[in-house]
Amino acid sequence: MPNINPIIIFFASIITSNMVLSNFLGMCSYLSVSSEYKTATGLGMAVTLVLVITTALNWVVYKFVILPLDIGYLQYIIFIMVIAALVQILEMAMDRYMPDLHAKLGIFLPLITVNCAILGVTLFMVIRSYGFLQSLMYGLGSGLGWWLAINMLAAIREKLANAKLPPGISGPALGFIITGIMAMAFIGFSGIFTIQ
Amino acid sequence: MSNKSCQMCDIAKTQVVRENQVLRQVLGICSSLAVTNSLNNSLVMGLGLSFVTALSSFTLSAMRDIIPHRVRMLVQTLVIAVYVIFVDLFLQAYLPEISKQLGPYVGLIITNCIIMGRAEAFAQKNPPVPALFDGLFAGLGYTAVLLFVSLIREVLGFGTIFGMNVNFLGFTTWTIMIMPPAAFFIIGSMIWFLNARGLKKSAPKAK
């Protein structure tokens, strides 16, 4: 287990190794659900919530089920099942106990199962062999970093909605180029923390 | 027979050129951005994805009548995961170097939207053999884009092609090309270029 302070992992995964801007994870929903600031906020919140819970749960499953049984070759199937099951349970629990929140986040939850950021964080956690607290902070930080990135993109796109653009650029192409500029700006943070 | 072979070339043309999964549908972006800083990685990743897409389309199409509609997402994910495990174990055994560099992105083929997209859009309604080719060519279209992007990035970023030095003029390599932003810029510009060309072509007709 690498001896990195969990707090450092938390900040590093928001700023220097941001999920979207430096690891390219969760791009599909990042590009397609970023035309409105409000929706982007909802999705960001849902992703953060699911990331924290699944990362912690997958750590427990990895440590106490996969490693003792020596079934590392099944890890992808197990992780993806845990994620799918958890999202389903979360949706039902939210519907029952927190209808307000469910109305806000409900439509995003099914989308999240196939969001590669979730599985990506779990796999990075296994590869870097983080401990429990480190994994928890890594999941939380990654979620917040993803949320930050999608909110920034949505804010920029809302500002550009009435701008006169060159033909053909609107849509995903514009999203990519804005994200490229954002990623370049985030390179400026590199060196503050290193976790890799 | 000729009818059948033409269905094949139709599928090939649609999947590789007209409806390219990355540039036209904007699917499977995560990995196409992450692995394109070297041609070797892109080639391995592209072939791995083609293999998984082709075989999972084939399998799901063969099972399409016995999968209950309500659990089909789960079945699809499981079938895809099984093939991804094949690819992952193969890479670990025979290409350990590349397997280490690709890291989690091999496992992330499971959540690559191209595969699920083909399974939903084509394999569900068509017999196994066309589905196999549909998946294969969708994967090859993805590979083509990956190779093109990584050609630009590797030549400008490292001055090499497949690891061989081609930097004869001794120009200073652009570090930005191997960093994340370049991937966003290159794919963004490619999509922009294709859209703009499509608009120009359809503009006279609109008059």
# chains A, B, ... in the order shown; residues from 1 in each chain; ligands from 1
>>> interface_residues(of="chain B", to="chain A", cutoff="9 Å", atoms="only C-alpha atoms", output="ChimeraX atom specification")
/B:26-34,74,77-78,81-82,84-85,88-89,103-105,107-113,176,179-199
>>> residues_around(residues="Gly191 (chain A)", least_positions_apart="3", cutoff="10 Å", atoms="only C-alpha atoms", output="VMD selection string")
chain A and resid 12 16 187 to 188 194
>>> residues_around(residues="Ala62 (chain B)", least_positions_apart="4", cutoff="8 Å", atoms="only C-alpha atoms", output="PyMOL selection string")
chain B and resi 58+127-128
>>> write_last_selection(atoms="C-alpha atoms", output="short mmCIF file (atom, residue, chain, number, x, y, z; two decimals), in the first residue's frame")
data_model
loop_
_atom_site.label_atom_id
_atom_site.label_comp_id
_atom_site.auth_asym_id
_atom_site.auth_seq_id
_atom_site.Cartn_x
_atom_site.Cartn_y
_atom_site.Cartn_z
CA PHE B 58 -22.48 -12.44 -32.49
CA PRO B 127 -29.05 -12.80 -37.40
CA PRO B 128 -25.65 -13.70 -35.91
#
>>> residues_around(residues="Thr53 (chain B)", least_positions_apart="3", cutoff="10 Å", atoms="only C-alpha atoms", output="ChimeraX atom specification")
/B:47-50,56-59,80,83-84,109-110,112,114-119,131-140
>>> residues_around(residues="Gly157 (chain B)", least_positions_apart="4", cutoff="8 Å", atoms="only C-alpha atoms", output="PDB file with N, CA and C atoms, in the first residue's frame")
ATOM      1  N   ARG B 153      -0.228  12.360 -32.867  1.00  0.00           N
ATOM      2  CA  ARG B 153       0.329  12.621 -31.536  1.00  0.00           C
ATOM      3  C   ARG B 153       1.726  12.041 -31.385  1.00  0.00           C
ATOM      4  N   THR B 173      10.391  18.188 -30.294  1.00  0.00           N
ATOM      5  CA  THR B 173       9.090  17.535 -30.165  1.00  0.00           C
ATOM      6  C   THR B 173       8.178  18.367 -29.277  1.00  0.00           C
ATOM      7  N   TRP B 174       6.877  18.271 -29.569  1.00  0.00           N
ATOM      8  CA  TRP B 174       5.902  19.062 -28.834  1.00  0.00           C
ATOM      9  C   TRP B 174       5.399  18.264 -27.654  1.00  0.00           C
ATOM     10  N   THR B 175       5.790  18.681 -26.463  1.00  0.00           N
ATOM     11  CA  THR B 175       5.357  17.935 -25.280  1.00  0.00           C
ATOM     12  C   THR B 175       3.841  17.945 -25.146  1.00  0.00           C
ATOM     13  N   ILE B 176       3.218  19.018 -25.591  1.00  0.00           N
ATOM     14  CA  ILE B 176       1.760  19.130 -25.421  1.00  0.00           C
ATOM     15  C   ILE B 176       1.041  17.989 -26.129  1.00  0.00           C
ATOM     16  N   MET B 177       1.649  17.448 -27.194  1.00  0.00           N
ATOM     17  CA  MET B 177       0.984  16.409 -27.972  1.00  0.00           C
ATOM     18  C   MET B 177       0.793  15.106 -27.187  1.00  0.00           C
ATOM     19  N   ILE B 178       1.695  14.844 -26.230  1.00  0.00           N
ATOM     20  CA  ILE B 178       1.501  13.616 -25.467  1.00  0.00           C
ATOM     21  C   ILE B 178       0.691  13.865 -24.200  1.00  0.00           C
TER      22      ILE B 178
END
